[in-house]
file upload-v8.csv (CSV, C-alpha atoms)
chain,number,residue,atom,x,y,z
X,917,MET,CA,27.4,-56.0,-40.7
X,918,ALA,CA,23.7,-56.7,-40.2
X,919,ASP,CA,21.9,-54.4,-37.8
X,920,ARG,CA,21.3,-56.5,-34.8
X,921,THR,CA,19.6,-53.7,-32.9
X,922,THR,CA,16.6,-55.2,-31.1
X,923,ARG,CA,13.4,-53.3,-30.7
X,924,SER,CA,11.7,-53.5,-27.4
X,925,THR,CA,8.2,-54.9,-27.5
X,926,PRO,CA,5.7,-52.2,-26.7
X,927,PRO,CA,3.8,-52.6,-23.5
X,928,PRO,CA,0.3,-54.0,-23.7
X,929,GLN,CA,-2.4,-51.4,-24.2
X,930,TRP,CA,-4.7,-52.4,-21.4
X,931,ALA,CA,-7.0,-49.5,-22.0
X,932,GLU,CA,-7.6,-50.8,-25.6
X,933,LEU,CA,-8.7,-54.3,-24.6
X,934,PRO,CA,-12.2,-55.1,-25.6
X,935,THR,CA,-14.7,-54.6,-22.8
X,936,ASP,CA,-15.6,-58.2,-22.6
X,937,CYS,CA,-11.9,-59.1,-22.0
X,938,LEU,CA,-11.7,-56.5,-19.3
X,939,VAL,CA,-14.8,-57.8,-17.7
X,940,HIS,CA,-13.3,-61.3,-17.6
X,941,VAL,CA,-10.2,-60.0,-15.9
X,942,PHE,CA,-12.2,-57.9,-13.5
X,943,ARG,CA,-13.9,-61.0,-12.2
X,944,ARG,CA,-10.8,-61.6,-10.1
X,945,LEU,CA,-11.2,-58.3,-8.3
X,946,ASP,CA,-13.1,-58.0,-5.0
X,947,LEU,CA,-15.9,-55.5,-4.6
X,948,ASP,CA,-13.8,-52.8,-3.0
X,949,GLU,CA,-11.3,-52.8,-5.9
X,950,LEU,CA,-14.1,-52.9,-8.5
X,951,ALA,CA,-15.9,-50.0,-6.9
X,952,SER,CA,-13.0,-47.7,-5.9
X,953,ALA,CA,-9.9,-48.5,-8.0
X,954,ALA,CA,-10.7,-49.9,-11.5
X,955,PRO,CA,-13.0,-47.0,-12.5
X,956,LEU,CA,-10.1,-44.5,-12.0
X,957,VAL,CA,-7.8,-45.9,-14.6
X,958,CYS,CA,-9.5,-44.8,-17.8
X,959,ARG,CA,-12.9,-44.6,-19.4
X,960,GLY,CA,-12.6,-48.1,-20.8
X,961,TRP,CA,-12.0,-49.6,-17.4
X,962,ARG,CA,-14.8,-47.5,-15.8
X,963,ARG,CA,-17.1,-48.9,-18.5
X,964,ALA,CA,-16.0,-52.5,-17.9
X,965,ALA,CA,-16.2,-52.1,-14.1
X,966,ALA,CA,-19.8,-51.1,-14.4
X,967,ASP,CA,-20.8,-54.3,-16.2
X,968,PRO,CA,-23.8,-55.8,-14.3
X,969,SER,CA,-22.4,-59.3,-14.5
X,970,LEU,CA,-19.6,-58.3,-12.1
X,971,TRP,CA,-22.2,-57.3,-9.4
X,972,ARG,CA,-24.4,-60.3,-9.3
X,973,ALA,CA,-22.8,-61.8,-6.1
X,974,LEU,CA,-22.5,-59.3,-3.2
X,975,ASP,CA,-21.2,-60.2,0.2
X,976,LEU,CA,-21.2,-57.1,2.3
X,977,ARG,CA,-20.5,-58.7,5.6
X,978,ARG,CA,-16.7,-58.5,5.7
X,979,ASP,CA,-15.5,-55.8,8.1
X,980,HIS,CA,-18.6,-53.8,7.3
X,981,LEU,CA,-18.1,-51.3,10.1
X,982,ALA,CA,-14.4,-50.7,9.9
X,983,ARG,CA,-14.3,-50.2,6.2
X,984,PHE,CA,-16.9,-47.4,6.3
X,985,MET,CA,-15.6,-45.4,9.3
X,986,PRO,CA,-14.8,-41.8,8.2
X,987,TRP,CA,-11.1,-42.6,8.3
X,988,GLY,CA,-11.5,-45.9,6.4
X,989,ALA,CA,-9.5,-46.2,3.2
X,990,LEU,CA,-12.5,-47.5,1.2
X,991,ALA,CA,-14.9,-44.9,2.5
X,992,GLY,CA,-12.4,-42.2,1.7
X,993,ALA,CA,-11.7,-43.5,-1.9
X,994,LEU,CA,-15.4,-43.7,-2.7
X,995,ALA,CA,-16.1,-40.3,-1.2
X,996,ARG,CA,-13.4,-38.7,-3.5
X,997,LEU,CA,-14.5,-40.7,-6.5
X,998,HIS,CA,-18.2,-39.6,-6.1
X,999,GLY,CA,-17.5,-36.1,-4.8
X,1000,VAL,CA,-19.3,-36.5,-1.5
X,1001,HIS,CA,-18.3,-35.6,2.1
X,1002,ARG,CA,-18.8,-39.1,3.4
X,1003,PHE,CA,-19.5,-42.5,1.8
X,1004,THR,CA,-21.5,-44.9,4.1
X,1005,LEU,CA,-22.2,-48.6,4.0
X,1006,ALA,CA,-25.8,-47.8,3.0
X,1007,GLY,CA,-24.4,-45.8,0.0
X,1008,PHE,CA,-22.1,-48.7,-0.9
X,1009,LEU,CA,-25.1,-51.1,-0.8
X,1010,ARG,CA,-27.1,-48.9,-3.1
X,1011,LEU,CA,-24.1,-48.5,-5.5
X,1012,CYS,CA,-23.6,-52.2,-5.8
X,1013,VAL,CA,-27.3,-52.9,-6.3
X,1014,ALA,CA,-27.5,-50.1,-8.9
X,1015,ARG,CA,-24.5,-51.5,-10.8
X,1016,ALA,CA,-26.2,-54.9,-11.0
X,1017,ALA,CA,-29.2,-53.4,-12.7
X,1018,GLY,CA,-31.7,-55.8,-11.2
X,1019,THR,CA,-29.5,-59.0,-11.7
X,1020,VAL,CA,-28.2,-59.6,-8.1
X,1021,ALA,CA,-28.5,-63.3,-7.6
X,1022,ASP,CA,-26.5,-63.8,-4.4
X,1023,LEU,CA,-26.6,-61.3,-1.6
X,1024,ALA,CA,-25.3,-61.4,2.0
X,1025,LEU,CA,-26.3,-58.3,4.0
X,1026,PRO,CA,-24.5,-56.9,7.1
X,1027,PRO,CA,-25.9,-56.3,10.6
X,1028,LEU,CA,-27.4,-53.0,11.6
X,1029,LEU,CA,-29.3,-52.7,8.3
X,1030,SER,CA,-31.9,-49.9,8.2
X,1031,SER,CA,-35.5,-50.5,7.2
X,1032,SER,CA,-35.0,-48.3,4.1
X,1033,GLU,CA,-32.1,-50.4,2.9
X,1034,LEU,CA,-34.1,-53.6,3.4
X,1035,ASP,CA,-36.9,-52.1,1.4
X,1036,HIS,CA,-34.5,-51.0,-1.3
X,1037,VAL,CA,-33.1,-54.6,-1.6
X,1038,ALA,CA,-36.7,-55.9,-1.8
X,1039,ALA,CA,-37.5,-53.5,-4.6
X,1040,GLU,CA,-34.3,-53.6,-6.6
X,1041,CYS,CA,-33.2,-57.3,-6.3
X,1042,PRO,CA,-36.1,-59.4,-7.8
X,1043,ALA,CA,-33.7,-62.0,-9.2
X,1044,LEU,CA,-32.2,-63.1,-5.9
X,1045,ARG,CA,-31.5,-66.9,-5.5
X,1046,ARG,CA,-29.4,-66.8,-2.4
X,1047,LEU,CA,-30.0,-64.4,0.5
X,1048,ALA,CA,-28.3,-64.1,3.8
X,1049,LEU,CA,-30.0,-61.8,6.3
X,1050,PRO,CA,-28.6,-60.5,9.6
X,1051,GLU,CA,-30.7,-60.4,12.8
X,1052,LEU,CA,-33.3,-57.8,12.1
X,1053,PRO,CA,-34.8,-55.2,14.4
X,1054,PRO,CA,-38.2,-56.2,15.8
X,1055,ALA,CA,-40.2,-54.0,13.3
X,1056,ASP,CA,-38.4,-55.5,10.3
X,1057,ASP,CA,-38.6,-59.0,11.8
X,1058,LEU,CA,-42.4,-58.7,11.7
X,1059,ARG,CA,-42.3,-57.3,8.2
X,1060,LEU,CA,-40.2,-60.1,6.7
X,1061,PRO,CA,-43.2,-62.3,5.6
X,1062,SER,CA,-44.5,-59.4,3.5
X,1063,LEU,CA,-41.1,-58.9,1.8
X,1064,LEU,CA,-40.5,-62.5,0.8
X,1065,PRO,CA,-43.0,-62.4,-2.1
X,1066,ARG,CA,-40.5,-60.0,-3.8
X,1067,TRP,CA,-37.9,-62.8,-4.0
X,1068,ARG,CA,-39.8,-65.6,-5.8
X,1069,ARG,CA,-36.6,-67.2,-7.2
X,1070,LEU,CA,-35.0,-67.9,-3.9
X,1071,THR,CA,-33.4,-71.3,-3.6
X,1072,HIS,CA,-31.2,-70.6,-0.5
X,1073,LEU,CA,-32.1,-68.5,2.6
X,1074,GLU,CA,-29.9,-67.9,5.6
X,1075,LEU,CA,-31.1,-66.2,8.7
X,1076,ASP,CA,-28.6,-65.2,11.4
X,1077,SER,CA,-31.4,-65.3,13.9
X,1078,LYS,CA,-34.8,-67.1,13.9
X,1079,PRO,CA,-37.5,-64.5,13.3
X,1080,SER,CA,-40.2,-64.2,15.9
X,1081,SER,CA,-42.6,-64.5,13.0
X,1082,PHE,CA,-41.1,-67.7,11.7
X,1083,PRO,CA,-44.4,-69.6,11.1
X,1084,ALA,CA,-45.6,-66.6,8.9
X,1085,VAL,CA,-42.1,-66.6,7.2
X,1086,ALA,CA,-42.4,-70.3,6.5
X,1087,ALA,CA,-45.9,-69.9,5.1
X,1088,ALA,CA,-44.7,-67.0,2.8
X,1089,LEU,CA,-41.8,-69.1,1.6
X,1090,ALA,CA,-44.0,-72.1,0.8
X,1091,LEU,CA,-46.4,-69.8,-1.1
X,1092,HIS,CA,-44.1,-67.5,-2.9
X,1093,CYS,CA,-40.7,-69.3,-3.2
X,1094,PRO,CA,-41.4,-72.7,-4.9
X,1095,ASP,CA,-37.7,-73.4,-5.6
X,1096,LEU,CA,-36.5,-73.0,-2.0
X,1097,ALA,CA,-34.2,-75.9,-1.2
X,1098,VAL,CA,-31.9,-74.7,1.6
X,1099,LEU,CA,-32.9,-73.0,4.8
X,1100,ARG,CA,-30.3,-72.1,7.5
X,1101,VAL,CA,-31.2,-70.6,10.9
X,1102,THR,CA,-28.2,-70.1,13.1
X,1103,SER,CA,-29.5,-68.8,16.4
X,1104,GLY,CA,-32.7,-68.3,18.3
X,1105,SER,CA,-35.3,-70.4,20.2
X,1106,VAL,CA,-37.3,-73.0,18.2
X,1107,LYS,CA,-40.8,-73.1,19.6
X,1108,PRO,CA,-43.5,-75.7,19.1
X,1109,GLU,CA,-45.2,-73.6,16.4
X,1110,ASP,CA,-41.8,-73.2,14.6
X,1111,ALA,CA,-41.2,-76.9,14.6
X,1112,ALA,CA,-44.7,-77.5,13.2
X,1113,ALA,CA,-43.8,-75.1,10.3
X,1114,MET,CA,-40.9,-77.4,9.5
X,1115,ALA,CA,-42.7,-80.7,9.9
X,1116,ALA,CA,-44.1,-83.1,7.3
X,1117,ALA,CA,-47.5,-81.4,7.1
X,1118,SER,CA,-46.0,-78.1,6.2
X,1119,PRO,CA,-45.8,-77.2,2.4
X,1120,LEU,CA,-42.4,-75.7,3.2
X,1121,ARG,CA,-41.0,-79.0,4.4
X,1122,GLY,CA,-42.0,-80.8,1.2
X,1123,ARG,CA,-39.6,-78.6,-0.8
X,1124,LEU,CA,-36.5,-78.4,1.5
X,1125,ARG,CA,-33.5,-80.6,0.9
X,1126,SER,CA,-31.2,-79.0,3.5
X,1127,LEU,CA,-32.2,-77.6,6.9
X,1128,CYS,CA,-29.7,-76.1,9.3
X,1129,LEU,CA,-30.5,-75.1,12.9
X,1130,ASP,CA,-27.0,-74.8,14.3
X,1131,ARG,CA,-26.5,-72.9,17.6
X,1132,CYS,CA,-30.3,-72.7,18.3
X,1133,TYR,CA,-32.1,-73.4,21.5
X,1134,LEU,CA,-33.8,-76.5,20.2
X,1135,PRO,CA,-35.8,-78.6,22.8
X,1136,ARG,CA,-35.7,-82.3,22.3
X,1137,GLN,CA,-39.5,-82.5,21.8
X,1138,GLU,CA,-39.3,-79.9,18.9
X,1139,LEU,CA,-36.3,-81.7,17.4
X,1140,LEU,CA,-38.2,-85.0,17.3
X,1141,ALA,CA,-41.2,-83.3,15.8
X,1142,ILE,CA,-39.1,-81.9,13.0
X,1143,LEU,CA,-37.2,-85.3,12.4
X,1144,ALA,CA,-40.6,-87.1,12.3
X,1145,GLY,CA,-41.3,-85.3,9.1
X,1146,CYS,CA,-38.0,-85.8,7.4
X,1147,GLY,CA,-39.0,-88.8,5.4
X,1148,GLY,CA,-41.8,-89.3,2.9
X,1149,ALA,CA,-41.8,-88.5,-0.8
X,1150,ALA,CA,-39.4,-85.6,-0.5
X,1151,PRO,CA,-36.9,-86.5,2.3
X,1152,LEU,CA,-34.3,-84.1,3.6
X,1153,ARG,CA,-30.8,-84.9,2.4
X,1154,GLU,CA,-29.1,-82.8,5.0
X,1155,PHE,CA,-30.0,-81.8,8.6
X,1156,THR,CA,-27.6,-80.1,11.0
X,1157,ALA,CA,-28.2,-78.9,14.5
X,1158,ARG,CA,-24.7,-78.5,15.8
X,1159,PHE,CA,-23.8,-76.8,19.1
X,1160,CYS,CA,-27.5,-76.5,20.1
X,1161,VAL,CA,-29.0,-76.4,23.6
X,1162,GLY,CA,-32.0,-78.4,24.5
X,1163,PHE,CA,-31.0,-82.0,23.6
X,1164,ASP,CA,-28.0,-84.2,23.9
X,1165,ASP,CA,-26.0,-85.2,20.8
X,1166,LYS,CA,-25.8,-88.8,22.1
X,1167,ASP,CA,-29.6,-89.2,22.5
X,1168,GLU,CA,-30.4,-92.6,21.0
X,1169,GLU,CA,-33.9,-91.7,19.9
X,1170,VAL,CA,-32.7,-88.6,18.1
X,1171,LEU,CA,-29.9,-90.5,16.4
X,1172,ALA,CA,-32.3,-93.2,15.3
X,1173,ARG,CA,-34.7,-90.6,13.8
X,1174,GLY,CA,-31.8,-89.0,11.9
X,1175,ALA,CA,-30.2,-92.2,10.6
X,1176,ALA,CA,-32.1,-92.1,7.3
X,1177,ILE,CA,-30.9,-88.6,6.5
X,1178,GLU,CA,-27.9,-88.6,4.1
X,1179,ARG,CA,-26.0,-86.0,6.2
X,1180,PHE,CA,-27.1,-85.8,9.8
X,1181,ASP,CA,-24.9,-83.8,12.2
X,1182,ILE,CA,-25.9,-82.8,15.7
X,1183,GLY,CA,-22.3,-82.7,17.1
X,1184,GLY,CA,-21.6,-80.5,20.1
X,1185,SER,CA,-25.3,-80.2,21.2
X,1186,ARG,CA,-26.2,-80.5,24.9
X,1187,LEU,CA,-29.3,-80.6,27.0
X,1188,LEU,CA,-28.2,-77.7,29.3
X,1189,ASP,CA,-26.1,-74.6,28.7
X,1190,GLU,CA,-23.9,-75.2,31.7
X,1191,PRO,CA,-21.3,-72.7,33.0
X,1192,ASP,CA,-17.8,-74.0,33.7
X,1193,GLY,CA,-17.5,-76.3,36.7
X,1194,ASP,CA,-20.1,-78.5,38.2
X,1195,ALA,CA,-23.4,-76.9,37.3
X,1196,THR,CA,-25.5,-79.6,39.0
X,1197,ASN,CA,-24.6,-78.7,42.6
X,1198,GLY,CA,-25.5,-75.9,44.8
X,1199,ASP,CA,-27.2,-72.7,43.9
X,1200,ASP,CA,-25.9,-72.8,40.3
X,1201,TYR,CA,-28.2,-75.7,39.3
X,1202,CYS,CA,-30.5,-75.1,36.4
X,1203,ASP,CA,-33.1,-77.4,34.9
X,1204,SER,CA,-34.0,-77.9,31.3
X,1205,SER,CA,-36.4,-74.9,31.3
X,1206,TYR,CA,-33.4,-72.6,31.6
X,1207,VAL,CA,-30.9,-71.7,29.0
X,1208,ASP,CA,-29.0,-68.5,28.6
X,1209,VAL,CA,-29.5,-68.4,24.8
X,1210,ILE,CA,-33.1,-67.5,24.9

call {"tool": "encode", "arguments": {"input": "upload-v8.csv", "output": "structure tokens"}}
result
Amino acid sequence: MADRTTRSTPPPQWAELPTDCLVHVFRRLDLDELASAAPLVCRGWRRAAADPSLWRALDLRRDHLARFMPWGALAGALARLHGVHRFTLAGFLRLCVARAAGTVADLALPPLLSSSELDHVAAECPALRRLALPELPPADDLRLPSLLPRWRRLTHLELDSKPSSFPAVAAALALHCPDLAVLRVTSGSVKPEDAAAMAAASPLRGRLRSLCLDRCYLPRQELLAILAGCGGAAPLREFTARFCVGFDDKDEEVLARGAAIERFDIGGSRLLDEPDGDATNGDDYCDSSYVDVI
């Protein structure tokens, strides 16, 4: 009788896969797994996990505080892996940037960033194309125009809060970031000088294709000044100012000025930031010079 004994197929030898195949698989991992788990399997996995192409897009905003508390699982795993007493968010940022070896193209930074970490990013991430910055401390806010020349390839800039030095920021962007096409500012008070920096006469405005001012204090006069410069040889394709205070989203003149923009969205914006109830009667009345977002 023929021997019908079947031989089991040996399990795949993941450790023997070529590095480029492992790198392809590792693209499905998040940063936490890539930094703290994959390197522990074997030398081949450690080598693949250190491939710079895996570290070009870094979003460090997710649960940035909880993950790096002393009792956090990620902080503990990284501390054990690197033989240190405590592993901080600043250390994780430096680890990620070092792994990228100067190739970081997309970076989103968490709040409470120290000046030294901002300087580190400016020095070690010259290839940035997309950058999202949190609200910066006053000293770093004022330094931002001097840091922008380090990121000459920027095409997309997000600012969680409008810098007090915005006109200088706009001038630096216009001078040093010729490919900038998207600017997002998602809180803060837009002043006349800020609006002028976004208007038609500004070199910056001539390059932008998308401008977002959601949740800002944006007075009607400043909004109209910005919209007046949205046409011309290089018109904006997208403009959003949703949930702003300072103008009404049903203002007919504002809507008419924005009609030529391919995507124009000012939904949820209102003239006054009114508390619940009838804010136009009694002692709670406030005029257009008062908003609690300033």

call {"tool": "residues_around", "arguments": {"input": "upload-v8.csv", "residues": "Phe1003 in chain X", "least_positions_apart": "3", "cutoff": "10 Å", "atoms": "all atoms listed in the file", "output": "list in words"}}
result
Phe984, Met985, Pro986, Gly988, Leu990, Ala991, Gly992, Ala993, Leu994, Ala995, Arg996, Leu997, His998, Gly999, Val1000, Ala1006, Gly1007 and Phe1008 of chain X

call {"tool": "write_last_selection", "arguments": {"input": "upload-v8.csv", "atoms": "C-alpha atoms", "output": "PDB file, in the frame of the given file"}}
result
ATOM      1  CA  PHE X 984     -16.900 -47.400   6.300  1.00  0.00           C
ATOM      2  CA  MET X 985     -15.600 -45.400   9.300  1.00  0.00           C
ATOM      3  CA  PRO X 986     -14.800 -41.800   8.200  1.00  0.00           C
ATOM      4  CA  GLY X 988     -11.500 -45.900   6.400  1.00  0.00           C
ATOM      5  CA  LEU X 990     -12.500 -47.500   1.200  1.00  0.00           C
ATOM      6  CA  ALA X 991     -14.900 -44.900   2.500  1.00  0.00           C
ATOM      7  CA  GLY X 992     -12.400 -42.200   1.700  1.00  0.00           C
ATOM      8  CA  ALA X 993     -11.700 -43.500  -1.900  1.00  0.00           C
ATOM      9  CA  LEU X 994     -15.400 -43.700  -2.700  1.00  0.00           C
ATOM     10  CA  ALA X 995     -16.100 -40.300  -1.200  1.00  0.00           C
ATOM     11  CA  ARG X 996     -13.400 -38.700  -3.500  1.00  0.00           C
ATOM     12  CA  LEU X 997     -14.500 -40.700  -6.500  1.00  0.00           C
ATOM     13  CA  HIS X 998     -18.200 -39.600  -6.100  1.00  0.00           C
ATOM     14  CA  GLY X 999     -17.500 -36.100  -4.800  1.00  0.00           C
ATOM     15  CA  VAL X1000     -19.300 -36.500  -1.500  1.00  0.00           C
ATOM     16  CA  ALA X1006     -25.800 -47.800   3.000  1.00  0.00           C
ATOM     17  CA  GLY X1007     -24.400 -45.800   0.000  1.00  0.00           C
ATOM     18  CA  PHE X1008     -22.100 -48.700  -0.900  1.00  0.00           C
TER      19      PHE X1008
END

call {"tool": "closest_residue", "arguments": {"input": "upload-v8.csv", "among": "X:Glu1169, X:Arg1158, X:Ala1021, X:Leu947", "to": "Arg1186 in chain X", "atoms": "all atoms listed in the file"}}
result
X:Arg1158

call {"tool": "residues_around", "arguments": {"input": "upload-v8.csv", "residues": "Lys1107 in chain X", "least_positions_apart": "5", "cutoff": "9 Å", "atoms": "all atoms listed in the file", "output": "list in words"}}
result
Ala1112, Tyr1133, Leu1134, Pro1135 and Glu1138 of chain X

call {"tool": "atom_distance", "arguments": {"input": "upload-v8.csv", "atom1": "CA of Asp1022 in chain X", "atom2": "CA of Phe1159 in chain X"}}
result
27.0 Å

call {"tool": "residues_around", "arguments": {"input": "upload-v8.csv", "residues": "Lys1078 in chain X", "least_positions_apart": "3", "cutoff": "12 Å", "atoms": "only C-alpha atoms", "output": "PyMOL selection string"}}
result
chain X and resi 1049-1054+1057-1058+1060+1073-1075+1081-1086+1099-1107+1110-1111+1128-1134+1210

call {"tool": "write_last_selection", "arguments": {"input": "upload-v8.csv", "atoms": "C-alpha atoms", "output": "JSON list (two decimals), in the frame of the given file"}}
result
[["chain", "number", "residue", "atom", "x", "y", "z"],
["X", 1049, "LEU", "CA", -30.00, -61.80, 6.30],
["X", 1050, "PRO", "CA", -28.60, -60.50, 9.60],
["X", 1051, "GLU", "CA", -30.70, -60.40, 12.80],
["X", 1052, "LEU", "CA", -33.30, -57.80, 12.10],
["X", 1053, "PRO", "CA", -34.80, -55.20, 14.40],
["X", 1054, "PRO", "CA", -38.20, -56.20, 15.80],
["X", 1057, "ASP", "CA", -38.60, -59.00, 11.80],
["X", 1058, "LEU", "CA", -42.40, -58.70, 11.70],
["X", 1060, "LEU", "CA", -40.20, -60.10, 6.70],
["X", 1073, "LEU", "CA", -32.10, -68.50, 2.60],
["X", 1074, "GLU", "CA", -29.90, -67.90, 5.60],
["X", 1075, "LEU", "CA", -31.10, -66.20, 8.70],
["X", 1081, "SER", "CA", -42.60, -64.50, 13.00],
["X", 1082, "PHE", "CA", -41.10, -67.70, 11.70],
["X", 1083, "PRO", "CA", -44.40, -69.60, 11.10],
["X", 1084, "ALA", "CA", -45.60, -66.60, 8.90],
["X", 1085, "VAL", "CA", -42.10, -66.60, 7.20],
["X", 1086, "ALA", "CA", -42.40, -70.30, 6.50],
["X", 1099, "LEU", "CA", -32.90, -73.00, 4.80],
["X", 1100, "ARG", "CA", -30.30, -72.10, 7.50],
["X", 1101, "VAL", "CA", -31.20, -70.60, 10.90],
["X", 1102, "THR", "CA", -28.20, -70.10, 13.10],
["X", 1103, "SER", "CA", -29.50, -68.80, 16.40],
["X", 1104, "GLY", "CA", -32.70, -68.30, 18.30],
["X", 1105, "SER", "CA", -35.30, -70.40, 20.20],
["X", 1106, "VAL", "CA", -37.30, -73.00, 18.20],
["X", 1107, "LYS", "CA", -40.80, -73.10, 19.60],
["X", 1110, "ASP", "CA", -41.80, -73.20, 14.60],
["X", 1111, "ALA", "CA", -41.20, -76.90, 14.60],
["X", 1128, "CYS", "CA", -29.70, -76.10, 9.30],
["X", 1129, "LEU", "CA", -30.50, -75.10, 12.90],
["X", 1130, "ASP", "CA", -27.00, -74.80, 14.30],
["X", 1131, "ARG", "CA", -26.50, -72.90, 17.60],
["X", 1132, "CYS", "CA", -30.30, -72.70, 18.30],
["X", 1133, "TYR", "CA", -32.10, -73.40, 21.50],
["X", 1134, "LEU", "CA", -33.80, -76.50, 20.20],
["X", 1210, "ILE", "CA", -33.10, -67.50, 24.90]]

call {"tool": "atom_distance", "arguments": {"input": "upload-v8.csv", "atom1": "CA of Ala954 in chain X", "atom2": "CA of Arg1010 in chain X"}}
result
18.5 Å
